[in-house]
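J.: Structure in structure tokens, see below.
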Amino acid sequence: MSVTVRVPAKVNVQLGVGAARPDGFHDLANAFLAVGLYDEVTVTPADELRVTCSGPDADKVPLDRTNLAARAALALAERRGIEPSVHIHIAKDIPVAGGMAGGSADCAGALVACDALWGTDASRAELLDICAELGSDVPFSLVGGAALGTGRGEKLTPLEVGGTFHWVFAMAGRGLSTPAVFREFDRLTEGHDIPAPEADPSLLAALSKGDAEALAAALTNDLQPAALSLYPELAATLETGRGAGALGVLVSGSGPTTAFLCPDADTAAKVAQTLRDSDTCRTTRTAAGPVPGATVL
């Protein structure tokens, strides 16, 4: 017997970042949109906890107990007083270390899959509680759709979306560490008065109406200057995509994946091709959103 769960990537259409808190985290106003790039997490009974991975950049995924999917299995097993005797296989399609919450998606997927495999019957609230313990982006990977994340991103409020948004994602030639990007944000903003982050009403209205042009005008990412400081070549990728017809461009989350909002699927295909031909990125993917969160197949 095995259980497979499909989990989506995310793009942050707004990432407002506050000053560093005493616990080292930052308060966020994080507008998440789940998009149709997926990892699939399959769990199967085994003699001991084991993680394997296949797909693009699978060699960059840790296979020990530091893997977020393994930590999800351990957390649920500990709560239920059972042994985490399970083989977790991750079929990757979400970029690794790309700012699209691939690791968080695998974590949520493994949690839902283990709950189903073991028959632990955890409530939605308990699953979300475990997700929040494991990482700031993990709760959203569980719920999907669109949501505003506050606190460090783990406190979610669902957002209404009135249509489908078409995206191109350009994968960079190397990764960026999320902690390193936040450290660079702290360095760049040192001595500055950083206001508490709040959701942008114009962005929420654009989502609700399904208005791609209005959403493009409202896209913001307070981590983008830090990502560009650490990876200056991303600026050329952003400009290439804008020149090819994207309505709005931004670094996705902590990067280094860059995101391009397009008016329709045909334009997205053209932007993706132009980016691939430009040698300013490793490869591109197109996807639309919102899509559901972790789903048992």
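Residues in the structure tokens are named by chain (A, B, ... in the order shown) and by number from 1 within that chain; ligands are numbered from 1 in the order shown.
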Using only C-alpha atoms, I'd like a table of the residues in segment 4-94 of chain A that come within 10 Å of segment 274-292 of chain A; for each, show the closest atom pair and its distance in Å rounded to one decimal, ordered by chain and ascending number, as JSON lines.

T.:
{"residue": "A:Arg6", "atom": "CA", "partner": "A:Pro292", "partner_atom": "CA", "distance": 9.5}
{"residue": "A:Val7", "atom": "CA", "partner": "A:Pro292", "partner_atom": "CA", "distance": 8.2}
{"residue": "A:Pro8", "atom": "CA", "partner": "A:Val291", "partner_atom": "CA", "distance": 7.4}
{"residue": "A:Ala9", "atom": "CA", "partner": "A:Val291", "partner_atom": "CA", "distance": 9.4}
{"residue": "A:Lys10", "atom": "CA", "partner": "A:Gly289", "partner_atom": "CA", "distance": 8.9}
{"residue": "A:Val11", "atom": "CA", "partner": "A:Gly289", "partner_atom": "CA", "distance": 9.3}
{"residue": "A:Phe32", "atom": "CA", "partner": "A:Pro290", "partner_atom": "CA", "distance": 9.3}
{"residue": "A:Leu33", "atom": "CA", "partner": "A:Pro290", "partner_atom": "CA", "distance": 5.8}
{"residue": "A:Ala34", "atom": "CA", "partner": "A:Pro290", "partner_atom": "CA", "distance": 5.0}
{"residue": "A:Val35", "atom": "CA", "partner": "A:Gly289", "partner_atom": "CA", "distance": 4.3}
{"residue": "A:Gly36", "atom": "CA", "partner": "A:Ala287", "partner_atom": "CA", "distance": 5.1}
{"residue": "A:Leu37", "atom": "CA", "partner": "A:Ala287", "partner_atom": "CA", "distance": 6.4}
{"residue": "A:Ile94", "atom": "CA", "partner": "A:Arg285", "partner_atom": "CA", "distance": 9.8}

J.: Determine, counting only C-alpha atoms, which protein, DNA and RNA residues have an atom within 7 Å of an atom of Val5 of chain A; residues of the same chain fewer than 5 positions away are not included. Present the result as a PyMOL selection string.

T.: chain A and resi 40-42+109+113+294-297

J.: Could those selected residues go to a file with N, CA and C atoms, as a short mmCIF file (atom, residue, chain, number, x, y, z; two decimals), in the first residue's frame?

T.:
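Saved result, part_10.cif, follows:
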data_model
loop_
_atom_site.label_atom_id
_atom_site.label_comp_id
_atom_site.auth_asym_id
_atom_site.auth_seq_id
_atom_site.Cartn_x
_atom_site.Cartn_y
_atom_site.Cartn_z
N GLU A 40 5.23 15.47 -6.41
CA GLU A 40 4.39 14.39 -5.91
C GLU A 40 5.18 13.63 -4.85
N VAL A 41 4.56 13.45 -3.69
CA VAL A 41 5.20 12.78 -2.56
C VAL A 41 4.46 11.47 -2.32
N THR A 42 5.19 10.36 -2.40
CA THR A 42 4.60 9.04 -2.21
C THR A 42 5.21 8.39 -0.96
N GLY A 109 3.13 17.75 1.71
CA GLY A 109 2.73 16.53 1.03
C GLY A 109 3.00 15.29 1.86
N ALA A 113 0.26 12.71 3.36
CA ALA A 113 0.39 11.32 2.93
C ALA A 113 0.56 10.38 4.12
N ALA A 294 -2.24 20.70 -1.10
CA ALA A 294 -1.91 19.28 -1.04
C ALA A 294 -3.14 18.42 -1.27
N THR A 295 -3.07 17.52 -2.26
CA THR A 295 -4.21 16.71 -2.67
C THR A 295 -3.80 15.25 -2.78
N VAL A 296 -4.53 14.37 -2.13
CA VAL A 296 -4.28 12.93 -2.24
C VAL A 296 -4.74 12.46 -3.62
N LEU A 297 -3.86 11.78 -4.34
CA LEU A 297 -4.21 11.30 -5.68
C LEU A 297 -4.86 9.92 -5.62
#

J.: Could you tell me which of A:Ala97, A:Leu159, A:Val86, A:Ala236 comes closest to Pro62 of chain A if we count only C-alpha atoms?

T.: A:Ala97

J.: Looking only at the backbone, which of the residues in segment 37-221 of chain A does DSSP tag as helix (DSSP H, G or I), as a VMD selection string?

T.: chain A and resid 58 to 60 68 to 80 102 to 118 124 to 134 138 to 143 178 to 189 201 to 209 212 to 218

J.: From the options A:Leu176, A:Ile82, A:Ala73, A:Val138, which residue's atoms come nearest to Ser252 of chain A, counting only C-alpha atoms?

T.: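 Checking each candidate against Ser252 of chain A, we get A:Leu176 as the closest.
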
J.: Taking 2 positions as the minimum chain separation for residues in the same chain, which residues sit within 10 Å of Arg152 of chain A when counting only C-alpha atoms? Answer as a JSON list (two decimals) with N, CA and C atoms, in the first residue's frame.

T.:
[["chain", "number", "residue", "atom", "x", "y", "z"],
["A", 17, "VAL", "N", 8.08, 42.79, 4.15],
["A", 17, "VAL", "CA", 8.98, 42.28, 5.19],
["A", 17, "VAL", "C", 9.22, 43.37, 6.23],
["A", 18, "GLY", "N", 8.99, 43.03, 7.49],
["A", 18, "GLY", "CA", 9.28, 43.94, 8.58],
["A", 18, "GLY", "C", 10.69, 43.77, 9.11],
["A", 21, "ARG", "N", 12.83, 40.37, 14.16],
["A", 21, "ARG", "CA", 12.28, 40.25, 15.50],
["A", 21, "ARG", "C", 13.35, 39.70, 16.43],
["A", 25, "PHE", "N", 13.20, 35.94, 13.32],
["A", 25, "PHE", "CA", 12.27, 35.95, 12.19],
["A", 25, "PHE", "C", 11.87, 37.40, 11.89],
["A", 26, "HIS", "N", 11.14, 37.57, 10.79],
["A", 26, "HIS", "CA", 10.62, 38.87, 10.39],
["A", 26, "HIS", "C", 9.10, 38.77, 10.26],
["A", 27, "ASP", "N", 8.39, 39.80, 10.71],
["A", 27, "ASP", "CA", 6.96, 39.85, 10.42],
["A", 27, "ASP", "C", 6.77, 40.07, 8.92],
["A", 28, "LEU", "N", 5.77, 39.37, 8.37],
["A", 28, "LEU", "CA", 5.55, 39.42, 6.93],
["A", 28, "LEU", "C", 4.10, 39.77, 6.61],
["A", 29, "ALA", "N", 3.91, 40.36, 5.44],
["A", 29, "ALA", "CA", 2.60, 40.42, 4.79],
["A", 29, "ALA", "C", 2.83, 39.73, 3.46],
["A", 30, "ASN", "N", 2.42, 38.47, 3.39],
["A", 30, "ASN", "CA", 2.88, 37.57, 2.34],
["A", 30, "ASN", "C", 1.65, 37.07, 1.57],
["A", 132, "ALA", "N", 3.00, 24.72, 10.71],
["A", 132, "ALA", "CA", 3.56, 25.97, 11.21],
["A", 132, "ALA", "C", 4.82, 25.74, 12.02],
["A", 135, "GLY", "N", 7.79, 25.12, 9.29],
["A", 135, "GLY", "CA", 8.29, 26.16, 8.41],
["A", 135, "GLY", "C", 7.23, 27.19, 8.07],
["A", 136, "SER", "N", 7.67, 28.41, 7.77],
["A", 136, "SER", "CA", 6.75, 29.51, 7.55],
["A", 136, "SER", "C", 5.87, 29.33, 6.32],
["A", 137, "ASP", "N", 6.39, 28.67, 5.27],
["A", 137, "ASP", "CA", 5.62, 28.49, 4.04],
["A", 137, "ASP", "C", 4.83, 27.20, 4.01],
["A", 149, "GLY", "N", -0.45, 35.52, 4.26],
["A", 149, "GLY", "CA", 0.29, 34.99, 5.40],
["A", 149, "GLY", "C", 0.84, 36.12, 6.24],
["A", 150, "THR", "N", 0.50, 36.12, 7.53],
["A", 150, "THR", "CA", 1.04, 37.13, 8.44],
["A", 150, "THR", "C", 1.84, 36.42, 9.54],
["A", 154, "GLU", "N", 3.04, 32.18, 8.57],
["A", 154, "GLU", "CA", 2.33, 30.92, 8.85],
["A", 154, "GLU", "C", 0.86, 31.12, 9.22],
["A", 155, "LYS", "N", 0.45, 32.36, 9.55],
["A", 155, "LYS", "CA", -0.94, 32.63, 9.91],
["A", 155, "LYS", "C", -1.69, 33.04, 8.65]]

J.: Would you kindly return, as a PyMOL selection string, each protein, DNA or RNA residue with an atom no farther than 12 Å from any atom of Ser123 of chain A, considering only C-alpha atoms and excluding same-chain residues fewer than 6 positions away?

T.: chain A and resi 76+111-112+115-116+129-130

J.: For segment 195-211 of chain A, list every protein, DNA or RNA residue within 9 Å, evaluated using only C-alpha atoms, and leave out those in the same chain fewer than 3 positions away; present the list as a count of residues only.

T.: 28

J.: Between atom CA of Val61 of chain A and atom CA of Leu128 of chain A, what is the distance in Å, rounded to a tenth?

T.: 23.8 Å

J.: Applying 10 Å and only C-alpha atoms, which residues near Asn67 of chain A remain after dropping the ones on its own chain fewer than 2 positions away? List them as JSON, numbers by chain.

T.: {"A": [51, 61, 62, 63, 64, 65, 69, 70, 71, 72, 103, 104, 106, 107]}

J.: Quick one: write out the picked residues with all heavy atoms as a short mmCIF file (atom, residue, chain, number, x, y, z; two decimals), in the first residue's frame?

T.:
data_model
loop_
_atom_site.label_atom_id
_atom_site.label_comp_id
_atom_site.auth_asym_id
_atom_site.auth_seq_id
_atom_site.Cartn_x
_atom_site.Cartn_y
_atom_site.Cartn_z
N VAL A 51 14.28 8.45 2.70
CA VAL A 51 13.85 9.45 1.73
C VAL A 51 14.61 9.23 0.43
O VAL A 51 15.84 9.09 0.43
CB VAL A 51 14.09 10.89 2.23
CG1 VAL A 51 13.63 11.91 1.19
CG2 VAL A 51 13.40 11.13 3.56
N VAL A 61 18.73 17.73 -3.30
CA VAL A 61 17.76 17.55 -2.22
C VAL A 61 18.38 16.66 -1.14
O VAL A 61 18.82 15.55 -1.43
CB VAL A 61 16.46 16.91 -2.75
CG1 VAL A 61 15.49 16.63 -1.61
CG2 VAL A 61 15.81 17.82 -3.79
N PRO A 62 18.42 17.12 0.12
CA PRO A 62 18.97 16.27 1.19
C PRO A 62 18.07 15.06 1.41
O PRO A 62 16.85 15.17 1.37
CB PRO A 62 18.99 17.19 2.41
CG PRO A 62 17.93 18.23 2.13
CD PRO A 62 17.95 18.43 0.64
N LEU A 63 18.69 13.93 1.66
CA LEU A 63 17.93 12.69 1.84
C LEU A 63 18.01 12.16 3.27
O LEU A 63 17.59 11.03 3.53
CB LEU A 63 18.44 11.62 0.85
CG LEU A 63 18.35 12.00 -0.63
CD1 LEU A 63 18.89 10.88 -1.50
CD2 LEU A 63 16.92 12.35 -1.03
N ASP A 64 18.53 12.98 4.18
CA ASP A 64 18.59 12.56 5.58
C ASP A 64 17.42 13.17 6.36
O ASP A 64 16.46 13.66 5.77
CB ASP A 64 19.94 12.96 6.21
CG ASP A 64 20.19 14.47 6.12
OD1 ASP A 64 19.25 15.24 5.81
OD2 ASP A 64 21.33 14.89 6.36
N ARG A 65 17.51 13.15 7.66
CA ARG A 65 16.39 13.62 8.47
C ARG A 65 16.28 15.14 8.56
O ARG A 65 15.39 15.66 9.22
CB ARG A 65 16.47 13.00 9.87
CG ARG A 65 16.24 11.49 9.84
CD ARG A 65 16.01 10.90 11.22
NE ARG A 65 15.66 9.48 11.12
CZ ARG A 65 15.04 8.80 12.08
NH1 ARG A 65 14.73 9.39 13.22
NH2 ARG A 65 14.75 7.53 11.91
N ALA A 69 10.38 16.85 4.36
CA ALA A 69 9.40 15.75 4.28
C ALA A 69 9.65 14.73 5.38
O ALA A 69 8.70 14.23 6.01
CB ALA A 69 9.47 15.10 2.90
N ALA A 70 10.92 14.41 5.63
CA ALA A 70 11.25 13.50 6.72
C ALA A 70 10.84 14.09 8.06
O ALA A 70 10.29 13.39 8.94
CB ALA A 70 12.74 13.19 6.71
N ARG A 71 11.05 15.38 8.23
CA ARG A 71 10.69 16.04 9.50
C ARG A 71 9.18 16.02 9.71
O ARG A 71 8.71 15.92 10.85
CB ARG A 71 11.23 17.46 9.52
CG ARG A 71 12.76 17.53 9.64
CD ARG A 71 13.27 18.95 9.59
NE ARG A 71 12.67 19.76 10.62
CZ ARG A 71 12.61 21.09 10.59
NH1 ARG A 71 13.10 21.75 9.56
NH2 ARG A 71 12.05 21.75 11.58
N ALA A 72 8.42 16.10 8.62
CA ALA A 72 6.96 16.02 8.74
C ALA A 72 6.55 14.64 9.25
O ALA A 72 5.69 14.53 10.14
CB ALA A 72 6.32 16.30 7.38
N GLY A 103 10.55 22.79 -0.99
CA GLY A 103 10.76 22.01 0.23
C GLY A 103 9.55 22.05 1.14
O GLY A 103 9.17 21.02 1.74
N SER A 104 8.92 23.20 1.23
CA SER A 104 7.71 23.32 2.04
C SER A 104 6.57 22.49 1.45
O SER A 104 5.78 21.88 2.18
CB SER A 104 7.27 24.79 2.13
OG SER A 104 8.25 25.56 2.79
N ASP A 106 6.92 19.72 -0.28
CA ASP A 106 7.21 18.32 0.04
C ASP A 106 6.87 17.99 1.49
O ASP A 106 6.39 16.91 1.80
CB ASP A 106 8.69 18.02 -0.22
CG ASP A 106 9.07 18.23 -1.68
OD1 ASP A 106 8.18 18.21 -2.54
OD2 ASP A 106 10.27 18.42 -1.93
N CYS A 107 7.11 18.96 2.37
CA CYS A 107 6.79 18.79 3.79
C CYS A 107 5.29 18.60 3.97
O CYS A 107 4.85 17.65 4.64
CB CYS A 107 7.29 20.02 4.53
SG CYS A 107 7.09 19.95 6.33
#

J.: To one decimal in Å, tell me the separation between atom CA of Arg79 of chain A and atom CA of Ala147 of chain A.

T.: 27.4 Å

J.: So which residues of segment 75-183 of chain A fall under strand (DSSP E or B) by DSSP, listed as a ChimeraX atom specification?

T.: /A:86-91,144,146-150,155-158,165-171

J.: Could you pull the residues within 8 Å of segment 254-262 of chain A, counting only C-alpha atoms, minus those fewer than 2 positions along the same chain, as a ChimeraX atom specification?

T.: /A:11,97-100,165-172,174-178,181-182,212,216,223-224,227,231,234,237-238,241-242,245-252,264-265,267-268

J.: Mind giving me the straight-line distance from atom CA of Glu78 of chain A to atom CA of Val3 of chain A in Å, one decimal?

T.: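 Pair atom CA of Glu78 of chain A / atom CA of Val3 of chain A returns 19.9 Å.
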
J.: Pick the closest to Asp39 of chain A from A:Cys131, A:Ser141, A:Thr120, A:Arg80: which is it, counting only C-alpha atoms?

T.: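 Between A:Cys131, A:Ser141, A:Thr120, A:Arg80, the residue approaching Asp39 of chain A most closely is A:Ser141.
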
J.: Which of these residues is nearest to Gly24 of chain A, using only C-alpha atoms: A:Ala110, A:Lys60, A:Asp186, A:Ser2?

T.: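 Ranking A:Ala110, A:Lys60, A:Asp186, A:Ser2 by distance to Gly24 of chain A, first place goes to A:Asp186.
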